[in-house]
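*Asks:* Supplied in structure tokens, the structure appears directly below.
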Amino acid sequence: MGLTIGVDIGGTKIAAGVVDEEGRILSTFKVATPPTAEGIVDAICAAVAGASEGHDVEAVGIGAAGYVDDKRATVLFAPNINWRHEPLKDKVEQRVGLPVVVENDANAAAWGEYRFGAGQGHDDVICITLGTGLGGGIIIGNKLRRGRFGVAAEFGHIRVVPDGLLCGCGSQGCWEQYASGRALVRYAKQRANATPENAAILLGLGDGSVDGIEGKHISAAARQGDPVAIDSFRELARWAGAGLADLASLFDPSAFIVGGGVSDEGELVLDPIRKSFRRWLIGGEWRPHAQVLAAQLGGKAGLVGAADLARQG
């Protein structure tokens with residue numbers, strides 16, 4: 001199969017891109033994300049039509065945030081869109097006249113990194129995305145492992161603290177409450193409130209108040225040496241690395257790929273994640289260690305991965 005289209009459904013925009021067999025994006029088309037579930041279907045079709053103009057496209061892959069069934073056809077549940085058993089594949093196929101594959105967006109991003117990014121050369125890769133929440137994907141034996149019902153690798157909702165912080169999923173103590181962009185902001189606010197004298201740079205980048213701290217302020221302050229910002233990244237990394245050590249016990253991959261917005265800070269966050277991973281890895285003194293690598297495709301991973309999964313069929 002030649003050219004395919006990948007679709008990335010974001011909170012503010014829906015992006016479609018024509019992707020070739022080497023993972024290169026040849027054209028893109030973006031539309032605003034509508035407020036209604038049915039409007040999003042219309043927007044997906046419009047983005048596919050816009051991106052495909054002038055190209056001979058053979059299939060479409062859609063990355064959707066939520067649980068996708070084992071047939072890669074139905075979105076069983078989407079946390080941010082009112083989709084409950086939404087037959088997305090059938091609806092889009094009828095409109096665009098092309099075969100459609102639907103995949104969880106974190107799985108699609110993991111596949112993109114495995115095929116064309118940091119995972120090249122590895123047969124067994126675990127990806128995590130440290131964004132607003134925490135997602136992931138499992139590639140073992142060169143295959144994306146989705147589980148019997150298609151909803152594997154919801155790593156963010158592994159409970160790491162019994163009766164811990166309340167999560168948006170309704171459970172308590174989920175991993176993403178301790179290792180995510182939201183967690184980073186919480187750590188920074190707590191520390192700035194306790195020791196404002198150590199957060200002068202951080203507070204100065206916002207409106208001067210603890211409540212005004214945002215993720216972008218923490219990143220900028222850490223690069224300028226702000227103690228509270230740096231310590232907040234270290235706390236996030238401590239939880240992220242400990243979770244990777246647990247995943248190593250489950251899957252024993254040769255590499256972990258860390259993506260998502262938080263990972264854009266590079267070694268500022270990756271180095272302490274590696275140290276935490278080594279600290280908590282069971283038998284770490286005597287066993288081989290998986291590499292902990294930065295994702296390479298950035299925000300394009302989901303689109304590229306979805307397009308390639310459509311090519312796989």
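Ligands are numbered from 1 in the order shown, chains are lettered A, B, ... in the order of the structure tokens, and residues start at 1 in each chain.
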Go through segment 164-259 of chain A and collect every residue that DSSP, computed from the backbone, puts in helix (DSSP H, G or I); the answer should be as a ChimeraX atom specification.

*Replies:* /A:175-177,181-194,196-198,200-205,210-212,215-223,227-251

*Asks:* Write down as a list in words the residues of segment 171-297 of chain A whose backbone DSSP state falls under strand (DSSP E or B).

*Replies:*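 Of segment 171-297 of chain A, only Gln172, Cys174, Ala255, Phe256, Ile257, Val258, Gly259, Gln291, Val292, Leu293 and Ala294 of chain A fall in strand (DSSP E or B).
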
*Asks:* Which residues, written as a count of residues only, have at least one atom at most 10 Å from segment 288-300 of chain A, with only C-alpha atoms counted and residues fewer than 5 positions away on the same chain left out?

*Replies:* 49

*Asks:* Near Asp163 of chain A, within 8 Å and counting only C-alpha atoms, which residues show up once chain neighbours fewer than 2 positions away are dropped, as a count of residues only?

*Replies:* 4

*Asks:* Take atom CA of Gln312 of chain A and atom CA of Pro79 of chain A and report the distance between them in Å, one decimal.

*Replies:*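 A separation of 27.1 Å between them.
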
*Asks:* Please tabulate, as a Markdown table, the residues of segment 217-289 of chain A that come within 8 Å of segment 185-206 of chain A, each with its closest pair of atoms and the distance in Å to one decimal, counting only C-alpha atoms and ordering rows by chain, then residue number upward.

*Replies:*
| residue | atom | partner | partner_atom | distance |
| --- | --- | --- | --- | --- |
| A:His217 | CA | A:Leu205 | CA | 5.9 |
| A:Ile218 | CA | A:Leu202 | CA | 6.3 |
| A:Ala220 | CA | A:Leu202 | CA | 7.9 |
| A:Ala221 | CA | A:Leu202 | CA | 5.1 |
| A:Gln224 | CA | A:Ile201 | CA | 7.7 |
| A:Asp226 | CA | A:Ile201 | CA | 5.8 |
| A:Pro227 | CA | A:Asn198 | CA | 5.8 |
| A:Val228 | CA | A:Ala199 | CA | 5.3 |
| A:Ala229 | CA | A:Ala188 | CA | 6.1 |
| A:Ser232 | CA | A:Tyr187 | CA | 5.4 |
| A:Glu235 | CA | A:Tyr187 | CA | 7.5 |

*Asks:* Would you output that residue set with all heavy atoms, as a tab-separated table (two decimals), in the first residue's frame?

*Replies:*
chain	number	residue	atom	x	y	z
A	217	HIS	N	5.69	28.13	32.56
A	217	HIS	CA	6.51	28.89	33.50
A	217	HIS	C	7.52	27.99	34.20
A	217	HIS	O	8.67	28.39	34.42
A	217	HIS	CB	5.62	29.57	34.55
A	217	HIS	CG	4.59	30.49	33.99
A	217	HIS	ND1	3.32	30.61	34.52
A	217	HIS	CD2	4.63	31.32	32.90
A	217	HIS	CE1	2.64	31.49	33.81
A	217	HIS	NE2	3.40	31.92	32.82
A	218	ILE	N	7.09	26.78	34.54
A	218	ILE	CA	7.98	25.84	35.25
A	218	ILE	C	9.14	25.46	34.34
A	218	ILE	O	10.31	25.42	34.77
A	218	ILE	CB	7.20	24.60	35.70
A	218	ILE	CG1	5.98	24.99	36.53
A	218	ILE	CG2	8.09	23.67	36.53
A	218	ILE	CD1	5.00	23.86	36.77
A	220	ALA	N	10.41	27.18	31.76
A	220	ALA	CA	11.31	28.33	31.57
A	220	ALA	C	12.12	28.61	32.83
A	220	ALA	O	13.32	28.89	32.76
A	220	ALA	CB	10.49	29.56	31.18
A	221	ALA	N	11.48	28.51	33.99
A	221	ALA	CA	12.17	28.77	35.25
A	221	ALA	C	13.25	27.73	35.52
A	221	ALA	O	14.34	28.06	36.00
A	221	ALA	CB	11.17	28.82	36.40
A	224	GLN	N	16.34	28.40	33.80
A	224	GLN	CA	17.07	29.53	34.38
A	224	GLN	C	17.60	29.24	35.78
A	224	GLN	O	18.13	30.12	36.44
A	224	GLN	CB	16.15	30.76	34.42
A	224	GLN	CG	15.73	31.26	33.05
A	224	GLN	CD	14.79	32.45	33.14
A	224	GLN	OE1	15.04	33.40	33.86
A	224	GLN	NE2	13.68	32.38	32.41
A	226	ASP	N	15.85	27.99	38.53
A	226	ASP	CA	14.96	28.18	39.67
A	226	ASP	C	14.89	26.90	40.51
A	226	ASP	O	14.52	25.84	39.98
A	226	ASP	CB	13.56	28.55	39.18
A	226	ASP	CG	12.59	28.85	40.31
A	226	ASP	OD1	11.95	27.91	40.80
A	226	ASP	OD2	12.49	30.03	40.69
A	227	PRO	N	15.21	26.94	41.81
A	227	PRO	CA	15.26	25.71	42.62
A	227	PRO	C	13.93	24.99	42.71
A	227	PRO	O	13.88	23.75	42.64
A	227	PRO	CB	15.71	26.22	44.00
A	227	PRO	CG	16.43	27.49	43.73
A	227	PRO	CD	15.72	28.11	42.56
A	228	VAL	N	12.83	25.73	42.88
A	228	VAL	CA	11.53	25.08	42.98
A	228	VAL	C	11.14	24.40	41.67
A	228	VAL	O	10.64	23.26	41.67
A	228	VAL	CB	10.45	26.10	43.41
A	228	VAL	CG1	9.05	25.60	43.07
A	228	VAL	CG2	10.55	26.37	44.91
A	229	ALA	N	11.38	25.05	40.55
A	229	ALA	CA	11.05	24.45	39.25
A	229	ALA	C	11.86	23.18	39.01
A	229	ALA	O	11.32	22.15	38.58
A	229	ALA	CB	11.28	25.46	38.13
A	232	SER	N	10.64	20.39	41.20
A	232	SER	CA	9.35	19.88	40.74
A	232	SER	C	9.54	18.87	39.61
A	232	SER	O	8.87	17.82	39.57
A	232	SER	CB	8.46	21.04	40.28
A	232	SER	OG	8.22	21.94	41.33
A	235	GLU	N	10.73	15.64	41.12
A	235	GLU	CA	9.67	14.86	41.77
A	235	GLU	C	8.86	14.10	40.73
A	235	GLU	O	8.55	12.92	40.90
A	235	GLU	CB	8.77	15.79	42.59
A	235	GLU	CG	7.65	15.09	43.33
A	235	GLU	CD	8.12	14.19	44.47
A	235	GLU	OE1	9.35	14.12	44.73
A	235	GLU	OE2	7.27	13.54	45.09

*Asks:* Measure the distance from atom CA of Trp83 of chain A to atom CA of Thr36 of chain A in Å and round it to one decimal.

*Replies:*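 Computing it gives 9.8 Å between the two atoms.
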
*Asks:* Enter the distance from atom CA of Val102 of chain A to atom CA of Gly61 of chain A, in Å, rounded to one decimal.

*Replies:*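 About the pair atom CA of Val102 of chain A and atom CA of Gly61 of chain A: they are 5.8 Å apart.
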
*Asks:* With distances taken over only C-alpha atoms, which of A:Leu134, A:Ala51, A:Leu250, A:Leu88 is nearest to Asp69 of chain A?

*Replies:*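 Checking each candidate against Asp69 of chain A, we get A:Leu88 as the closest.
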
*Asks:* Name all residues at most 10 Å from Asn107 of chain A (count only C-alpha atoms; drop same-chain ones fewer than 4 positions away) and give them as a PyMOL selection string.

*Replies:* chain A and resi 63-65+103+111-113+127-128+135-139+144-146+151-154+301-302+305-306+309

*Asks:* If we count only C-alpha atoms and set the cut-off at 10 Å, which residues sit around Ser27 of chain A, ignoring sequence neighbours fewer than 5 positions away in its own chain? Please answer as a VMD selection string.

*Replies:* chain A and resid 5 16 to 19 50 to 55

*Asks:* Take the residues that were just selected and, keeping N, CA and C atoms, output them as a PDB file, in the first residue's frame.

*Replies:*
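So out-v4.pdb came out as:
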ATOM      1  N   ILE A   5      -3.547   8.283   4.955  1.00  0.00           N
ATOM      2  CA  ILE A   5      -3.786   9.496   5.740  1.00  0.00           C
ATOM      3  C   ILE A   5      -3.868   9.132   7.216  1.00  0.00           C
ATOM      4  N   ALA A  16      -5.124  16.239   9.703  1.00  0.00           N
ATOM      5  CA  ALA A  16      -4.991  15.080   8.821  1.00  0.00           C
ATOM      6  C   ALA A  16      -3.750  15.292   7.964  1.00  0.00           C
ATOM      7  N   GLY A  17      -3.014  14.208   7.711  1.00  0.00           N
ATOM      8  CA  GLY A  17      -1.810  14.316   6.910  1.00  0.00           C
ATOM      9  C   GLY A  17      -1.624  13.115   6.017  1.00  0.00           C
ATOM     10  N   VAL A  18      -1.179  13.350   4.804  1.00  0.00           N
ATOM     11  CA  VAL A  18      -0.829  12.265   3.881  1.00  0.00           C
ATOM     12  C   VAL A  18       0.593  11.825   4.202  1.00  0.00           C
ATOM     13  N   VAL A  19       0.760  10.519   4.411  1.00  0.00           N
ATOM     14  CA  VAL A  19       2.045   9.976   4.861  1.00  0.00           C
ATOM     15  C   VAL A  19       2.479   8.869   3.903  1.00  0.00           C
ATOM     16  N   GLY A  50      -9.487  17.498   2.667  1.00  0.00           N
ATOM     17  CA  GLY A  50      -8.527  18.564   2.416  1.00  0.00           C
ATOM     18  C   GLY A  50      -7.110  18.061   2.233  1.00  0.00           C
ATOM     19  N   ALA A  51      -6.705  17.116   3.079  1.00  0.00           N
ATOM     20  CA  ALA A  51      -5.339  16.593   2.996  1.00  0.00           C
ATOM     21  C   ALA A  51      -5.116  15.756   1.749  1.00  0.00           C
ATOM     22  N   SER A  52      -6.145  15.035   1.331  1.00  0.00           N
ATOM     23  CA  SER A  52      -5.977  14.084   0.226  1.00  0.00           C
ATOM     24  C   SER A  52      -5.993  14.743  -1.150  1.00  0.00           C
ATOM     25  N   GLU A  53      -6.369  16.012  -1.221  1.00  0.00           N
ATOM     26  CA  GLU A  53      -6.457  16.676  -2.522  1.00  0.00           C
ATOM     27  C   GLU A  53      -5.114  16.634  -3.250  1.00  0.00           C
ATOM     28  N   GLY A  54      -5.137  16.080  -4.447  1.00  0.00           N
ATOM     29  CA  GLY A  54      -3.924  15.979  -5.246  1.00  0.00           C
ATOM     30  C   GLY A  54      -3.094  14.739  -4.968  1.00  0.00           C
ATOM     31  N   HIS A  55      -3.580  13.857  -4.092  1.00  0.00           N
ATOM     32  CA  HIS A  55      -2.848  12.632  -3.757  1.00  0.00           C
ATOM     33  C   HIS A  55      -3.736  11.409  -3.963  1.00  0.00           C
TER      34      HIS A  55
END
